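Following: one structure in structure tokens, then a few remarks.
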Amino acid sequence: MDEWKPNPAVKPHKKRSWYLAWKYKLMNQRALRKLCQTGAVLFLLVTVIVNIKLILDTRRAAYEEEEESAQDYDDEMLNVEVPRHPVNNKKILDVEVYSSRSKVYVAVDGTTVLEDEAREQGRGIHVIVLNQATGHVMAKRVFDTYSPHEDEAMVLFLNMVARGRILIFTIKDEGSFHLKETAKNVLKSLGSQVAPFLSWRDMWTFVGKKGGEVYGEKHAKSPALSTWGDPVLLKTEVHLTSVEDAECHWPDTELNRRRKRFCSKVEGYGSVCSCKDPTPIEFNPDPLKDNKVFDVPVAVIAGNRPNYLYRMLRSLLSAQGVNPQMITVFIDGYYEEPMDVVELFGLSGIQHTPISIKNARVSQHYKASLTATFNLFPDAKFAVVLEEDLDISVDFFSFLSQSIHLLEEDESLYCISAWNDQGYEHTAEDPSLLYRVETMPGLGWVLRKSLYKDELEPKWPTPEKLWDWDMWMRMPEQRKGRECIIPDISRSYHFGIVGLNMNGYFHEAYFKKHKFNTVPNVQLKNVESLRKDNYETEIHRLLGEAEVLDHSKNPCEDSFVPDTEGRVYVMFIRMEQEADFTTWTQLAKCLHIWDLDVRGNHKGLWRLFRKKNHFLVVGVPASPYSSKKPSSVTPIFMEPPAKEEGAAAVPAVAAAEQT
Amino acid sequence: MQKINRNVVLALLSLTSLVFLLFQLCYYKFYLSQKNGAAFSKVRGSQSGQDSTRWHVVRKFLGLISSHNIPVYLIDPLILGLVDKDIEQIRSSPDGPSPECKYFCAPRDFTTFALLDKTWKHEVGLFRTAEKMGFQWLKIINKDPRLDGMDDLSGMEIPLHYIFKLASHAIHLVVFYERSGNFLWHGPLRLKQHMDRKFVPFRKLHFGRYPGAYEKPELLLVSIDDLKVQIPKSPSSFLEEMSHSRFLECRYREARAFFQLYPDDASLDAVEFRKKAKSLLHLAALTLNNLGVKFWLSSGTCLGWYRQCNIIPHSKDVDLGIFIRDYKADIIPAFQKAGLPLKHKFGKVEDSLELSFQGDDVKLDIFFFYEEDDHIWNGGTQAKSGKKFKYLFPKFSLCWTEFVELKVHVPCETLQYVEANYGPEWKVPVKTWDWKSSPSNVQDNGVWPVDEWDDVIQIY
């Protein structure tokens with residue numbers, strides 16, 4: 001047994017031999033082996049072919065699918081992405097500034113960014129603000145410092161410009177006559193050597209960085225009073241900084257991203273762009289309880305007065321009960337800056353290609369805006385119409401919420417307006433009091449959709465008619481005897497000084513002293529008494545308790561009204577027929593209220609306040625309230641002053657404003 | 001040795017090829033089955049895993065939107081179809097836990113939800129959260145059609161569709177806008193050039209090939225597959241509405257060009273006529289909709305829509321078309337009840353029926369259309385001679401549109417329809433029009449037998 005040892009080699013050998021045997025057997029069947037091999041090769045080939053075919057198939061299928069989907073879902077208008085301004089890697093800007101009597105221009109890197117050679121226009125100091133990192137124009141202003149107070153506006157503007165911005169100044173015609181010491185000092189602080197000595201008809205150009213270096217300054221003195229200085233052309237180079245240096249480092253929030261976009265594009269909005277502690281752009285005013293106007297669309301009609309729009313939207317978004325989603329700003333023209341303001345506040349804006357000119361342009365813009373508003377909010381029964389040069393009272397929406405049901409229910413109403421034409425500082429007193437008036441004041445008002453859609457829109461003045469939309473709306477064909485509801489103290493304030501029908505003098509005379517409500521949550525008094533019939537009862541009650549004033553006295557004198565408070569007084573003036581406003585106009589003039597046309601009347605009755613007393617004026621005999629006149633009283637008659645040269649100009653102005 | 005190796009190599013290669021072939025067979029089968037829309041395929045890997053992915057994506061999405069207080073509702077035709085089968089049960093047990101994932105696990109590539117534009121603020125926060133949750137998203141914006149009809153207004157582009165993709169499933173969120181005809185509208189899905197065409201298989205989307213018009217749906221909060229979701233109260237009628245929801249926008253640009261050539265009639269008469277025609281059309285639409293009779297703008301009214309997006313002031317009547325199969329006997333009494341007396345009735349239900357009702361100064365003509373194999377026609381009758389006419393139209397289907405603040409039907413193939421009726425010169429306004437000879441598609445159709453006259457020619 002010992003001999004028999006398992007040989008470790010045996011097993012493999014045995015296995016091997018089995019394999020060999022098998023191999024040998026196979027070798028013996030050469031033909032079969034060959035067959036197998038060929039079969040395998042063939043099989044491989046087939047696999048390869050099938051593979052290739054499959055790859056091709058799937059690829060084609062995938063391609064077709066893609067094609068198809070592309071055909072179905074491609075935008076037909078191939079929106080070729082317009083490449084944005086090529087990234088400017090250049091670190092130096094070439095700046096050219098020209099100043100002369102009749103022409104100014106500024107060119108940055110060969111591109112003209114300002115050119116003004118119009119006659120009788122653009123007098124004064126032109127200011128351009130460039131972004132110090134990109135070289136983009138952020139603001140363009142002209143201050144007519146030949147005229148008074150314009151230098152103050154310039155100082156205000158320059159103070160608002162952020163540090164580091166590049167400022168370019170150039171004078172056209174004359175810019176020194178009303179350039180006061182303060183303004184000169186500000187220019188000096190910017191690095192100007194010449195500014196303190198600028199004098200009559202000097203030409204001047206200056207380029208510098210706010211709070212930094214001066215890039216160049218040129219000056220040409222006027223040799224004599226009757227002549228201008230020689231034209232000057234300043235050519236200089238400005239070194240750009242990096243984008244990071246030009247931006248503030250606000251925390252990265254959605255609001256700040258909007259702010260950043262805004263502040264890198266435009267200048268002159270002050271603290272909204274200040275790096276430290278910028279002014280908020282979201283206001284979150286208190287919501288209104290039971291807000292009936294939350295779903296009423298608000299159309300803001302705007303032109304190219306972005307600073308006005310900015311102020312207006314701030315006040316609007318701060319009003320209690322505002323619903324930003326319902327606000328649409330309609331911009332008349334493709335102006336960028338107003339749109340930037342709209343986007344800053346996260347509102348939606350719509351631009352409108354201008355149609356026609358002057359008043360007709362405004363009127364077409366109104367029509368388009370109103371139609372679009374009702375298209376965008378097809379559910380709305382009303383629309384609030386605002387303009388870009390209005391401040392909105394904190395209780396604007398509260399006022400509307402309390403009164404809007406009247407507009408819905410009372411067919412004899414034409415509108416609700418936030419503006420009282422006769423509501424001046426000295427003639428308005430009661431924030432909770434409402435009136436019915438036959439005139440349509442505008443300046444922040446509510447329009448009923450059915451009125452617009454059924455009556456106004458189809459016959460709105462066509463572009464070739466140079467009509468004011470508001471004047472047209474006030475015409476008897478449109479108004480049809482309907483009335484508007486207004487508050488005693490206005491819920492809007494008209495701050496615009498520049499405008500189509502507006503200038504500084506006009507504003508000072510008729511708008512500056514207008515009373516504006518600043519009290520929140522005013523509870524309106526006895527709103528139901530504003531309904532058509534109730535109002536008559538209310539007026540009769542008032543006239544019943546009113547004390548008749550002494551008609552022998554001069555109604556223009558302060559002493560005409562006794563020194564009391566909270567009483568009701570009535571006076572009677574002569575008014576031969578419904579359209580006889582001779583005495584009223586004179587009275588309005590001496591009371592320093594709106595006298596350019598007749599506003600605020602209701603059946604020959606005017607209601608206002610004098611010395612904190614309610615003061616009623618009744619036109620006799622045209623007014624149905626004439627019966628309240630005691631027989632002993634003779635209505636006061638006031639004659640218009642003898643016709644002067646200027647008298648003819650008045651109606652022209654009267655036909656103006658409100659836009 | 002080498003020979004052995006060769007054999008081994010060959011055998012191994014053959015084996016791999018075989019496996020490969022088998023795999024490809026499976027893949028091919030799977031691919032084809034998917035293409036053909038076959039619901040289930042056994043080869044498809046982890047079936048249950050896929051199912052729960054869909055459910056999880058939907059749940060995540062619902063979580064996302066509810067955290068931002070955005071009210072969406074389910075409009076996915078596939079799921080609504082399944083839901084509709086069990087609607088009674090789902091309605092009766094709004095909170096019951098479901099034993100199995102029956103609806104949201106059904107195989108599909110997308111789940112579609114609807115969002116009413118006015119119910120949310122377009123806030124960026126939503127997308128940030130979505131990204132944090134792992135969603136990739138795509139936003140499709142385009143022009144606002146509500147401003148399209150307006151001269152020279154350019155608003156911001158509005159979002160029409162959103163697609164949220166997570167893992168292998170995507171959520172298609174369709175944004176609905178309210179339009180002036182008191183209906184909801186969603187836009188078409190069009191990819192701009194730079195967009196990722198392969199983000200999802202866009203072709204398989206249920207919404208977006210065309211714009212669509214829908215009634216405002218009544219919603220119902222239900223719990224299906226343990227998810228709380230809003231669905232249209234009646235899924236079946238929603239699905240039915242969806243099947244013919246295609247919307248055609250008026251050709252505002254062409255209309256503007258038309259008015260450049262032929263300035264609009266702004267006379268008081270024209271204004272007055274338009275006002276009356278509009279209110280007549282509103283009344284007619286109300287009456288027919290109440291009866292459930294489908295109608296469309298025909299003849300001059302259709303031309304007015306197509307050519308100038310408005311009522312043609314010199315057309316003097318309002319024309320509607322109705323398929324004779326939709327005819328109901330109570331049409332006449334319904335109009336009379338609405339204050340529109342029957343003016344005349346020509347023809348009979350079997351042949352050339354035509355009704356006219358007298359509105360306030362404006363006549364309402366209703367033509368009934370008869371469908372043949374290769375064309376559609378309506379008839380005309382001359383009262384004094386009893387002559388019959390036939391107006392031929394190529395076959396058409398119906399689309400929704402918005403016209404004078406109304407959601408109405410027009411033939412989708414409007415150009416062919418208008419051209420059949422008015423010839424190739426339809427772009428030129430014609431003031432004198434003879435309905436017996438002017439239309440380019442009119443044919444003589446014999447004369448009514450005299451003994452039938454009392455029946456087929458009724459004038460009031």
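Following the order of the structure tokens, first chain is A, next is B, and so on, with residues numbered from 1 inside each chain and ligands from 1 in the order they appear.
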>> Give me, as a ChimeraX atom specification, all polymer residues having an atom no more than 12 Å from segment 239-242 of chain A, counting only C-alpha atoms and skipping those fewer than 5 positions away in the same chain.
In response: /A:88-95,130-136,164-166,207-209,212-215,247
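Residue-level contacts from chain B to chain A at 7 Å, counting only C-alpha atoms, read Leu10, Ser14, Ser17, Leu21, Arg146, Leu147, Met150, Asp152, Leu153, Ser154, Gly155, Met156, Glu178, Arg179, Ser180, Asn182, Leu189, Arg190, Leu191, Lys192, Gln193, Phe202, Arg203, Arg209 and Val271 of chain B.
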> In Å, with one decimal, what is the gap from atom CA of Gly300 of chain B to atom CA of His314 of chain B?
Replying inline: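 These atoms are spaced 9.8 Å apart.
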> Which is closest to Leu313 of chain A among A:Arg361, A:Ser492, A:Thr182, A:Leu390, if we use only C-alpha atoms?
Replying inline: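 Once distances to Leu313 of chain A are computed over only C-alpha atoms, the minimum belongs to A:Leu390.
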How close does segment 253-313 of chain B get to segment 428-440 of chain B? List, as a Markdown table, each residue of segment 253-313 of chain B within 12 Å, its nearest atom pair and the distance in Å to one decimal, counting only C-alpha atoms.
```
| residue | atom | partner | partner_atom | distance |
| --- | --- | --- | --- | --- |
| B:Phe258 | CA | B:Val428 | CA | 8.9 |
| B:Phe259 | CA | B:Pro429 | CA | 10.8 |
| B:Leu261 | CA | B:Val428 | CA | 9.5 |
| B:Tyr262 | CA | B:Pro429 | CA | 8.1 |
| B:Pro263 | CA | B:Pro429 | CA | 11.0 |
| B:Asp264 | CA | B:Pro429 | CA | 11.1 |
| B:Asp265 | CA | B:Pro429 | CA | 11.9 |
| B:Ser299 | CA | B:Pro439 | CA | 9.7 |
| B:Gly300 | CA | B:Trp433 | CA | 10.3 |
| B:Leu303 | CA | B:Pro429 | CA | 10.1 |
| B:Gly304 | CA | B:Pro429 | CA | 10.1 |
| B:Arg307 | CA | B:Val428 | CA | 9.5 |
| B:Gln308 | CA | B:Pro429 | CA | 10.5 |
| B:Ile312 | CA | B:Pro429 | CA | 9.2 |
| B:Pro313 | CA | B:Lys431 | CA | 10.1 |
```
Segment 285-393 of chain B: residues DSSP assigns to helix (DSSP H, G or I), reported as a PDB file with C-alpha atoms, in the first residue's frame:
```
ATOM      1  CA  ALA B 285     -73.685  83.161 -27.771  1.00  0.00           C
ATOM      2  CA  LEU B 286     -75.371  83.088 -24.385  1.00  0.00           C
ATOM      3  CA  THR B 287     -78.528  81.542 -25.820  1.00  0.00           C
ATOM      4  CA  LEU B 288     -76.777  78.882 -27.879  1.00  0.00           C
ATOM      5  CA  ASN B 289     -74.321  78.021 -25.111  1.00  0.00           C
ATOM      6  CA  ASN B 290     -77.205  77.526 -22.710  1.00  0.00           C
ATOM      7  CA  LEU B 291     -78.732  75.091 -25.172  1.00  0.00           C
ATOM      8  CA  SER B 299     -69.640  84.638 -43.542  1.00  0.00           C
ATOM      9  CA  GLY B 300     -69.190  88.356 -42.932  1.00  0.00           C
ATOM     10  CA  THR B 301     -68.656  88.051 -39.199  1.00  0.00           C
ATOM     11  CA  CYS B 302     -65.945  85.476 -39.758  1.00  0.00           C
ATOM     12  CA  LEU B 303     -64.368  87.670 -42.426  1.00  0.00           C
ATOM     13  CA  GLY B 304     -64.442  90.578 -40.005  1.00  0.00           C
ATOM     14  CA  TRP B 305     -62.619  88.520 -37.420  1.00  0.00           C
ATOM     15  CA  TYR B 306     -60.083  87.170 -39.860  1.00  0.00           C
ATOM     16  CA  ARG B 307     -59.391  90.349 -41.762  1.00  0.00           C
ATOM     17  CA  GLN B 308     -59.713  93.127 -39.197  1.00  0.00           C
ATOM     18  CA  ILE B 324     -77.081  70.355 -38.787  1.00  0.00           C
ATOM     19  CA  ARG B 325     -76.309  67.428 -36.495  1.00  0.00           C
ATOM     20  CA  ASP B 326     -76.280  69.921 -33.601  1.00  0.00           C
ATOM     21  CA  ILE B 331     -83.363  76.957 -30.849  1.00  0.00           C
ATOM     22  CA  ILE B 332     -86.241  79.087 -32.159  1.00  0.00           C
ATOM     23  CA  PRO B 333     -88.184  79.323 -28.869  1.00  0.00           C
ATOM     24  CA  ALA B 334     -84.939  79.998 -26.986  1.00  0.00           C
ATOM     25  CA  PHE B 335     -84.125  82.972 -29.191  1.00  0.00           C
ATOM     26  CA  GLN B 336     -87.675  84.245 -28.960  1.00  0.00           C
ATOM     27  CA  LYS B 337     -87.413  84.036 -25.205  1.00  0.00           C
TER      28      LYS B 337
END
```
> Which distance in Å separates atom CA of Leu166 of chain B and atom CA of Phe23 of chain B, to one decimal?
Replying inline: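 Spanning atom CA of Leu166 of chain B to atom CA of Phe23 of chain B is a straight-line distance of 27.7 Å.
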> Which of these, A:Glu639, A:Asp430, A:Glu578, A:Asp389, has the shortest distance to His507 of chain A once you count only C-alpha atoms?
Replying inline: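 Closest candidate: A:Asp389.
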>> Ranking B:Leu268, B:Val318, B:Cys26, B:Leu82 by minimum distance to Ala284 of chain B and counting only C-alpha atoms, which one comes first?
In response: B:Val318
>> Env of Val527 of chain A: 8 Å cut, atoms = only C-alpha atoms, seq-sep filter 5 positions within chain, self excluded. Answer as a count of residues only.
In response: 3
> Among segment 100-202 of chain A, which residues carry a DSSP assignment of strand (DSSP E or B), reported as a PyMOL selection string?
Replying inline: chain A and resi 100+104-108+111-116+124-130+137-143+166-172
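What separates atom CA of Lys384 of chain B from atom CA of Ile457 of chain B is a distance of 9.1 Å.
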